[in-house]
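Listing of start.csv; format and content: CSV, C-alpha atoms and all ligand atoms.
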chain,number,residue,atom,x,y,z
W,95,THR,CA,174.5,25.5,181.8
W,96,ARG,CA,171.4,26.8,180.2
W,97,ARG,CA,168.8,25.9,182.8
W,98,PHE,CA,165.6,27.6,183.7
W,99,ILE,CA,162.2,26.7,185.1
W,100,ALA,CA,159.3,26.6,182.6
W,101,ALA,CA,155.5,26.2,183.1
W,102,THR,CA,152.7,24.8,181.0
W,103,ALA,CA,149.8,27.1,181.8
W,104,GLN,CA,146.6,25.2,180.9
W,105,LEU,CA,143.3,27.0,180.6
W,106,GLY,CA,139.9,25.4,181.3
W,107,PRO,CA,136.9,26.3,179.0
W,108,ILE,CA,136.5,29.9,177.7
W,109,ALA,CA,132.8,30.7,177.1
W,110,ARG,CA,131.6,32.0,173.8
W,111,ASP,CA,130.6,35.3,175.3
W,112,GLU,CA,133.5,35.5,177.8
W,113,PRO,CA,135.2,38.9,177.5
W,114,ARG,CA,138.9,38.8,176.6
W,115,ALA,CA,139.5,40.7,179.9
W,116,SER,CA,138.3,37.5,181.7
W,117,ALA,CA,140.6,35.2,179.8
W,118,VAL,CA,143.5,37.6,180.2
W,119,ALA,CA,142.9,37.9,184.0
W,120,ARG,CA,142.9,34.1,184.2
W,121,MET,CA,146.2,33.9,182.4
W,122,GLN,CA,147.7,36.7,184.6
W,123,ALA,CA,146.8,34.6,187.6
W,124,LEU,CA,148.5,31.5,186.1
W,125,LEU,CA,151.6,33.5,185.2
W,126,ILE,CA,151.8,35.0,188.7
W,127,GLU,CA,151.6,31.5,190.2
W,128,ALA,CA,154.2,30.1,187.8
W,129,HIS,CA,156.5,33.0,188.7
W,130,ARG,CA,156.0,32.3,192.4
W,131,ARG,CA,157.2,28.8,191.7
W,132,GLY,CA,160.3,30.0,189.9
W,133,ALA,CA,159.2,29.9,186.2
W,134,GLU,CA,160.8,32.2,183.7
W,135,LEU,CA,158.9,30.9,180.7
W,136,VAL,CA,155.1,30.1,180.5
W,137,VAL,CA,153.3,28.4,177.6
W,138,PHE,CA,149.6,29.2,177.1
W,139,PRO,CA,147.2,27.4,174.8
W,140,GLU,CA,146.2,27.8,171.2
W,141,LEU,CA,143.4,30.4,170.7
W,142,ALA,CA,143.9,31.4,174.4
W,143,LEU,CA,141.8,34.6,174.2
W,144,THR,CA,138.5,33.2,173.0
W,145,THR,CA,136.4,30.0,172.9
W,146,PHE,CA,137.3,27.6,170.1
W,147,PHE,CA,134.9,29.2,167.6
W,148,PRO,CA,135.7,27.0,164.6
W,149,ARG,CA,133.3,24.5,166.3
W,150,TRP,CA,130.5,26.6,164.8
W,151,LEU,CA,129.4,27.9,161.4
W,152,ILE,CA,129.5,31.7,161.8
W,153,GLU,CA,128.1,33.3,158.7
W,154,ASP,CA,128.0,36.9,159.9
W,155,GLU,CA,131.4,38.4,159.1
W,156,ALA,CA,131.3,40.9,162.0
W,157,GLU,CA,130.5,38.2,164.4
W,158,LEU,CA,133.4,36.1,163.1
W,159,ASP,CA,135.8,39.1,163.1
W,160,ALA,CA,135.0,39.6,166.8
W,161,PHE,CA,137.0,36.5,167.6
W,162,TYR,CA,140.2,37.8,166.0
W,163,GLU,CA,142.9,40.3,167.2
W,164,THR,CA,143.8,43.0,164.7
W,165,GLU,CA,146.9,44.1,166.5
W,166,MET,CA,149.2,42.5,169.0
W,167,PRO,CA,149.6,43.6,171.7
W,168,ASN,CA,146.3,45.4,172.1
W,169,ALA,CA,144.4,47.0,175.0
W,170,ASP,CA,142.7,43.7,176.0
W,171,VAL,CA,146.0,41.7,176.2
W,172,GLN,CA,148.3,44.5,177.4
W,173,PRO,CA,147.7,43.6,181.1
W,174,LEU,CA,149.3,40.2,180.4
W,175,PHE,CA,152.3,41.7,178.7
W,176,ASP,CA,152.6,44.2,181.6
W,177,THR,CA,152.5,41.5,184.3
W,178,ALA,CA,154.9,39.3,182.4
W,179,ARG,CA,157.4,42.1,181.9
W,180,GLU,CA,157.1,43.2,185.6
W,181,LEU,CA,157.8,39.6,186.7
W,182,GLY,CA,160.5,39.0,184.1
W,183,VAL,CA,158.7,36.0,182.5
W,184,GLY,CA,158.6,35.1,178.8
W,185,PHE,CA,155.5,33.5,177.3
W,186,TYR,CA,154.0,31.8,174.3
W,187,LEU,CA,150.4,32.9,173.4
W,188,GLY,CA,148.0,31.5,170.8
W,189,TYR,CA,145.3,33.7,169.3
W,190,ALA,CA,143.3,34.3,166.1
W,191,GLU,CA,145.0,36.9,163.9
W,192,LEU,CA,143.2,39.2,161.4
W,193,VAL,CA,145.4,41.5,159.3
W,194,ILE,CA,144.9,43.5,156.1
W,195,GLU,CA,147.6,42.5,153.8
W,196,GLY,CA,147.7,43.2,150.1
W,197,GLY,CA,144.5,45.1,150.4
W,198,ARG,CA,142.5,42.2,151.7
W,199,LYS,CA,141.6,40.6,155.0
W,200,ARG,CA,143.8,37.7,156.0
W,201,ARG,CA,143.0,35.3,158.9
W,202,PHE,CA,145.5,33.1,160.7
W,203,ASN,CA,145.7,30.8,163.7
W,204,THR,CA,148.7,32.4,165.2
W,205,SER,CA,151.1,32.1,168.1
W,206,ILE,CA,153.8,34.6,169.4
W,207,PHE,CA,156.7,34.3,171.7
W,208,VAL,CA,157.3,37.2,174.0
W,209,ASP,CA,160.6,37.5,175.9
W,210,LYS,CA,161.1,38.7,179.5
W,211,SER,CA,161.3,42.3,178.4
W,212,GLY,CA,157.9,42.1,176.7
W,213,THR,CA,159.3,42.0,173.2
W,214,ILE,CA,157.7,39.8,170.6
W,215,LEU,CA,160.6,37.7,169.4
W,216,GLY,CA,158.8,35.3,167.2
W,217,LYS,CA,155.5,34.8,165.4
W,218,TYR,CA,154.1,31.6,163.8
W,219,ARG,CA,151.0,31.0,161.7
W,220,LYS,CA,149.5,27.5,161.8
W,221,ILE,CA,150.5,25.4,158.8
W,222,HIS,CA,148.5,22.1,159.3
W,223,LEU,CA,144.9,23.2,159.5
W,224,PRO,CA,142.6,20.2,160.4
W,225,GLY,CA,139.0,19.8,159.8
W,226,HIS,CA,136.9,20.8,156.7
W,227,PRO,CA,136.3,24.0,154.7
W,228,GLU,CA,132.5,24.0,154.6
W,229,TYR,CA,129.7,23.2,157.0
W,230,GLU,CA,128.9,19.5,157.2
W,231,ASP,CA,125.5,18.8,158.8
W,232,TRP,CA,126.4,15.2,159.8
W,233,ARG,CA,128.8,16.4,162.5
W,234,PRO,CA,127.7,17.0,166.1
W,235,PHE,CA,130.0,20.0,166.0
W,236,GLN,CA,132.0,21.6,163.2
W,237,HIS,CA,135.8,22.0,162.8
W,238,LEU,CA,136.0,24.9,160.4
W,239,GLU,CA,139.7,25.9,160.7
W,240,LYS,CA,140.1,25.6,157.0
W,241,LYS,CA,137.3,28.1,156.5
W,242,TYR,CA,138.4,30.6,159.2
W,243,PHE,CA,142.2,30.5,158.7
W,244,GLU,CA,144.6,30.6,155.9
W,245,HIS,CA,147.6,28.2,155.6
W,246,GLY,CA,150.4,29.8,157.6
W,247,ASP,CA,152.9,31.7,155.5
W,248,LEU,CA,155.8,32.1,158.0
W,249,GLY,CA,157.2,28.6,157.8
W,250,PHE,CA,158.4,27.0,161.0
W,251,PRO,CA,160.6,29.7,162.6
W,252,VAL,CA,163.2,29.3,165.3
W,253,PHE,CA,164.5,32.2,167.4
W,254,ASP,CA,167.1,32.9,170.0
W,255,ALA,CA,166.0,33.1,173.7
W,256,PHE,CA,166.9,31.7,177.1
W,257,GLY,CA,170.4,31.0,175.8
W,258,GLY,CA,169.1,28.6,173.2
W,259,LYS,CA,167.0,28.2,170.1
W,260,MET,CA,163.2,28.2,170.5
W,261,GLY,CA,160.6,26.9,168.1
W,262,MET,CA,156.8,27.1,167.9
W,263,CYS,CA,153.9,25.3,166.4
W,264,LEU,CA,150.2,24.9,166.9
W,265,CYS,CA,147.9,22.0,167.8
W,266,ASN,CA,147.5,19.8,164.7
W,267,ASP,CA,151.0,20.6,163.6
W,268,ARG,CA,152.3,18.3,166.5
W,269,ARG,CA,150.8,15.3,164.8
W,270,TRP,CA,153.0,15.7,161.7
W,271,PRO,CA,156.6,14.5,162.2
W,272,GLU,CA,157.7,17.0,159.6
W,273,THR,CA,156.9,19.8,162.0
W,274,PHE,CA,159.4,18.7,164.6
W,275,ARG,CA,162.0,17.6,162.1
W,276,VAL,CA,162.0,21.0,160.3
W,277,LEU,CA,162.3,22.7,163.7
W,278,GLY,CA,165.0,20.2,164.8
W,279,LEU,CA,167.0,20.7,161.6
W,280,ARG,CA,166.9,24.4,162.3
W,281,GLY,CA,168.4,23.7,165.8
W,282,ALA,CA,165.3,24.2,168.0
W,283,GLU,CA,166.1,23.0,171.5
W,284,LEU,CA,162.6,23.7,172.9
W,285,VAL,CA,159.3,23.5,170.9
W,286,MET,CA,156.3,25.3,172.4
W,287,LEU,CA,152.8,24.6,171.3
W,288,GLY,CA,149.2,25.1,172.4
W,289,TYR,CA,146.2,22.9,171.5
W,290,ASN,CA,142.4,22.7,171.6
W,291,THR,CA,141.7,19.0,171.0
W,292,PRO,CA,138.1,17.6,171.2
W,293,VAL,CA,137.8,14.2,172.7
W,294,HIS,CA,135.3,13.3,170.0
W,295,TYR,CA,136.7,13.0,166.5
W,296,PRO,CA,133.6,12.7,164.2
W,297,PRO,CA,135.3,11.0,161.2
W,298,ALA,CA,136.7,8.2,163.4
W,299,PRO,CA,134.8,8.0,166.7
W,300,GLU,CA,136.4,4.6,167.4
W,301,HIS,CA,139.5,6.6,168.2
W,302,ASP,CA,137.9,8.9,170.8
W,303,HIS,CA,139.3,6.8,173.6
W,304,LEU,CA,142.8,7.3,172.1
W,305,GLN,CA,142.9,11.1,172.1
W,306,ASP,CA,145.1,11.4,175.2
W,307,PHE,CA,147.4,8.7,174.0
W,308,HIS,CA,147.7,10.2,170.5
W,309,ASN,CA,148.3,13.7,172.1
W,310,HIS,CA,151.3,12.5,174.1
W,311,LEU,CA,152.5,10.0,171.5
W,312,SER,CA,152.8,12.8,169.0
W,313,MET,CA,154.7,15.2,171.3
W,314,GLN,CA,156.9,12.5,172.9
W,315,ALA,CA,157.9,11.2,169.5
W,316,GLY,CA,158.7,14.7,168.2
W,317,ALA,CA,160.8,15.4,171.3
W,318,TYR,CA,162.7,12.2,171.1
W,319,ALA,CA,163.3,12.0,167.4
W,320,ASN,CA,164.8,15.5,167.3
W,321,GLY,CA,166.3,15.6,170.8
W,322,ASN,CA,164.4,18.7,171.9
W,323,TRP,CA,162.2,19.7,174.8
W,324,VAL,CA,158.5,20.1,174.1
W,325,ILE,CA,155.9,22.0,176.1
W,326,GLY,CA,152.3,21.4,175.0
W,327,THR,CA,149.5,23.3,176.6
W,328,ALA,CA,145.8,22.5,176.4
W,329,LYS,CA,142.7,24.6,176.5
W,330,ALA,CA,140.8,21.8,178.3
W,331,GLY,CA,137.4,20.8,179.7
W,332,ARG,CA,133.8,21.0,178.5
W,333,GLU,CA,133.8,24.2,176.4
W,334,GLU,CA,130.4,25.2,175.1
W,335,GLY,CA,129.3,21.6,175.3
W,336,CYS,CA,132.4,20.2,173.6
W,337,ASP,CA,134.8,18.1,175.7
W,338,LEU,CA,138.4,19.1,175.1
W,339,ILE,CA,141.3,16.9,176.3
W,340,ALA,CA,143.8,18.2,178.9
W,341,GLY,CA,147.1,16.5,179.4
W,342,SER,CA,149.3,19.7,179.2
W,343,CYS,CA,152.8,18.6,179.7
W,344,ILE,CA,156.6,19.2,179.6
W,345,ILE,CA,158.6,16.6,177.7
W,346,ALA,CA,162.3,16.1,177.9
W,347,PRO,CA,164.5,15.4,174.8
W,348,THR,CA,164.4,11.7,175.9
W,349,GLY,CA,160.7,11.7,175.2
W,350,GLU,CA,159.9,11.4,179.0
W,351,ILE,CA,157.0,13.4,180.3
W,352,VAL,CA,158.6,15.3,183.3
W,353,ALA,CA,155.5,17.3,184.3
W,354,ARG,CA,151.8,17.3,183.4
W,355,THR,CA,148.5,18.8,184.6
W,356,GLN,CA,146.0,16.6,186.4
W,357,GLY,CA,142.7,18.4,185.9
W,358,PHE,CA,140.7,20.0,183.2
W,359,GLY,CA,140.7,23.6,184.5
W,360,ASP,CA,143.2,26.5,184.8
W,361,GLU,CA,146.3,24.8,186.1
W,362,ILE,CA,150.1,25.0,185.7
W,363,ALA,CA,152.7,22.3,185.8
W,364,ILE,CA,156.3,23.1,186.3
W,365,ALA,CA,159.7,21.6,185.4
W,366,GLU,CA,163.3,22.6,185.1
W,367,ILE,CA,164.5,22.8,181.5
W,368,ASP,CA,168.2,22.1,180.8
W,369,LEU,CA,168.8,22.9,177.2
W,370,ASP,CA,172.1,21.1,177.3
W,371,ARG,CA,170.3,17.8,177.7
W,372,CYS,CA,169.4,18.0,174.0
W,373,ARG,CA,173.0,16.9,173.4
W,374,GLU,CA,172.3,13.5,174.9
W,375,LEU,CA,170.3,12.8,171.7
W,376,ARG,CA,171.7,15.1,169.1
W,377,ASP,CA,175.3,14.0,169.8
W,378,ASN,CA,174.4,10.3,169.7
W,379,VAL,CA,171.4,8.4,168.4
W,380,PHE,CA,170.1,11.5,166.5
W,381,ASN,CA,173.4,12.9,165.4
W,382,PHE,CA,172.0,14.2,162.1
W,383,ALA,CA,175.4,14.7,160.5
W,384,LEU,CA,176.5,11.2,161.2
W,385,HIS,CA,173.3,9.1,160.8
W,386,ARG,CA,170.7,11.0,158.8
W,387,GLU,CA,170.3,10.0,155.1
W,388,PRO,CA,168.5,12.9,153.4
W,389,GLU,CA,169.3,11.5,149.9
W,390,ASP,CA,166.8,8.8,150.6
W,391,TYR,CA,164.0,11.1,151.9
W,392,ALA,CA,163.1,13.2,148.8
W,393,VAL,CA,159.5,11.7,148.7
W,394,ILE,CA,158.8,13.5,151.9
W,395,CYS,CA,158.9,16.8,150.2
W,396,ALA,CA,157.0,15.7,147.1
W,397,PRO,CA,153.5,17.3,147.0
W,401,LIG,N1,142.5,20.3,167.0
W,401,LIG,C1,142.7,18.9,166.8
W,401,LIG,C2,144.2,18.5,166.9
W,401,LIG,O1,144.8,18.3,165.9
W,401,LIG,C3,142.0,16.8,165.8
W,401,LIG,C4,142.0,18.3,165.6
W,401,LIG,C5,141.5,16.2,166.9
W,401,LIG,C6,142.7,16.1,164.8
W,401,LIG,C7,141.5,14.8,167.0
W,401,LIG,C8,142.8,14.7,165.0
W,401,LIG,C9,142.2,14.1,166.1
W,401,LIG,O2,144.6,18.3,168.0
W,401,LIG,C10,143.2,21.4,166.4
W,401,LIG,N2,142.8,22.6,166.8
W,401,LIG,O3,144.0,21.2,165.5

Could you take the file, read its structure, and then write that structure out as structure tokens?
Ligand code: ING
Amino acid sequence: TRRFIAATAQLGPIARDEPRASAVARMQALLIEAHRRGAELVVFPELALTTFFPRWLIEDEAELDAFYETEMPNADVQPLFDTARELGVGFYLGYAELVIEGGRKRRFNTSIFVDKSGTILGKYRKIHLPGHPEYEDWRPFQHLEKKYFEHGDLGFPVFDAFGGKMGMCLCNDRRWPETFRVLGLRGAELVMLGYNTPVHYPPAPEHDHLQDFHNHLSMQAGAYANGNWVIGTAKAGREEGCDLIAGSCIIAPTGEIVARTQGFGDEIAIAEIDLDRCRELRDNVFNFALHREPEDYAVICAP
């Protein structure tokens, strides 16, 4: 069977001026603890090396650039790669990516998957960017991902690891069923994602009390409707005055939450993944070949 232990490795707040070395040291500690408890795969949050800087308008380009990684790995994050390789643990890591492509700066909200040997097997650039492109003074805090990141240009990739097919996405992507369906159609058996989700959603504050429900609803639905495992990991807690939800979890292909964190700080939760369990759904209720009717779905792809 294709069974292994995985961990969701939640981070508490990262301060605006917190050095990357500090965030990396915290993730190393979580990875060591996960390994001690048998984990071979660890999923870290979205933007796991810095504070969630899209909550502010940052007009100085050098100040903004300081939140991005221009190469991966790099000196700051190398200790995490080294510890993971020494312990034989693969991991998912979210970070802000700055590259020069076509002679210009390009900025993406990015995640990578690194296998047990320290090789980057997959890279994903966030496709569903929430929030707004320009400063809006009515908001208690900004959500400027559309200003600071480009629409991801790598599609929804799947890649081979741990004896199966792995997929990745990021935060807001999990709220769009298309994300999980595209990955499911490509055979993903485990979808990894990180998130930074504020409790307060300024356009609809009447939904603030539903953030935890919507977080799990989105991931549980994605897992169940596509018969795959989902590991979702939060950056949680009160980060620079902004309350972020926690609820990091591991979800089985049945949609059941089989492990979750309890607090709002650095914390892991562990579960055994059995990739063969995907068949319970994909051979039956969600046997795409037998039951799916794509000829009736065209409108989903219409702009
Ligand atoms: N954050 C949030 C998310 O999609 C959000 C944005 C919050 C959307 C609450 C809707 C409701 O989880 C990121 N970083 O995408």

Interatomic distance between atom CA of Asp154 of chain W and atom CA of Asn168 of chain W?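 If I compute the distance from atom CA of Asp154 of chain W to atom CA of Asn168 of chain W, I get 23.6 Å.
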
Return as a ChimeraX atom specification every polymer residue, whether protein, DNA or RNA, with at least one atom no more than 6 Å from an atom of ligand LIG 401 (chain W); count only C-alpha atoms and all ligand atoms. /W:224,265-266,289-292,295

Kindly save the residues from that selection, with C-alpha atoms included, as a compact mmCIF listing (two decimals), in the frame of the given file.
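Resulting contents of result39.txt:
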# COMPACT_ATOMS: atom_id res chain seq x y z
CA PRO W 224 142.60 20.20 160.40
CA CYS W 265 147.90 22.00 167.80
CA ASN W 266 147.50 19.80 164.70
CA TYR W 289 146.20 22.90 171.50
CA ASN W 290 142.40 22.70 171.60
CA THR W 291 141.70 19.00 171.00
CA PRO W 292 138.10 17.60 171.20
CA TYR W 295 136.70 13.00 166.50

At a cut-off of 6 Å, using only C-alpha atoms, what residues contact Phe358 of chain W? Leave out same-chain residues fewer than 3 positions from it and give the result as a list in words. Gly106, Ala330, Gly331 and Ala340 of chain W

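The coordinates place atom CA of Glu334 of chain W at 12.5 Å from atom CA of Pro234 of chain W.
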
Rounded to one decimal, what separation in Å do you get between atom CA of Arg200 of chain W and atom CA of Asp170 of chain W?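 Spanning atom CA of Arg200 of chain W to atom CA of Asp170 of chain W is a straight-line distance of 20.9 Å.
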
Residues of segment 225-280 of chain W that approach segment 317-324 of chain W to 9 Å or less, counting all atoms listed in the file: could you list each one with the shortest pair of atoms and its distance in Å to one decimal, rows by chain and increasing residue number, as CSV?
residue,atom,partner,partner_atom,distance
W:Pro271,CA,W:Ala319,CA,8.8
W:Phe274,CA,W:Asn320,CA,6.8
W:Arg275,CA,W:Asn320,CA,6.3
W:Leu277,CA,W:Asn320,CA,8.4
W:Gly278,CA,W:Asn320,CA,5.3
W:Leu279,CA,W:Asn320,CA,8.0

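For the choices W:Leu141, W:Val393, W:Ala100, W:Leu192, the atom-to-atom distance to Arg354 of chain W is smallest for W:Ala100 when using only C-alpha atoms.
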
Given the choices W:Gly132, W:Gly212, W:Gly281, W:Gly188, which gets closest to Phe250 of chain W if the distance is worked out from only C-alpha atoms?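 Looking only at the distances to Phe250 of chain W, the closest residue turns out to be W:Gly281.
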
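Ranking W:Arg198, W:His129, W:Lys240, W:Arg149 by their shortest atom-to-atom distance to Gly182 of chain W, with only C-alpha atoms included, puts W:His129 first.
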
Quick one: residues within 12 Å of Arg233 of chain W, only C-alpha atoms counted, chain neighbours fewer than 2 positions away excluded, as a VMD selection string? chain W and resid 149 to 151 225 to 226 228 to 231 235 to 238 294 to 299

Nearest to Lys220 of chain W among W:Leu287, W:Ala160, W:Ala178, W:Leu124, with distances taken over all atoms listed in the file: which residue is it? W:Leu287

In terms of the shortest atom-to-atom distance over only C-alpha atoms, which of W:Leu158, W:Met260, W:Ile325, W:Ala396 is closest to Ile364 of chain W?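 Checking each candidate against Ile364 of chain W, we get W:Ile325 as the closest.
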
Of W:Val252, W:Ile221, W:Leu384, W:Val293, the one sitting nearest Arg269 of chain W when using all atoms listed in the file is W:Ile221

Do a neighbour search on Met313 of chain W at 8 Å with all atoms listed in the file, toss out local chain neighbours closer than 3 positions, and write the hits as a JSON list (two decimals) with C-alpha atoms, in the coordinates of the input.
[["chain", "number", "residue", "atom", "x", "y", "z"],
["W", 268, "ARG", "CA", 152.30, 18.30, 166.50],
["W", 269, "ARG", "CA", 150.80, 15.30, 164.80],
["W", 309, "ASN", "CA", 148.30, 13.70, 172.10],
["W", 310, "HIS", "CA", 151.30, 12.50, 174.10],
["W", 316, "GLY", "CA", 158.70, 14.70, 168.20],
["W", 317, "ALA", "CA", 160.80, 15.40, 171.30],
["W", 324, "VAL", "CA", 158.50, 20.10, 174.10],
["W", 326, "GLY", "CA", 152.30, 21.40, 175.00],
["W", 345, "ILE", "CA", 158.60, 16.60, 177.70],
["W", 349, "GLY", "CA", 160.70, 11.70, 175.20]]
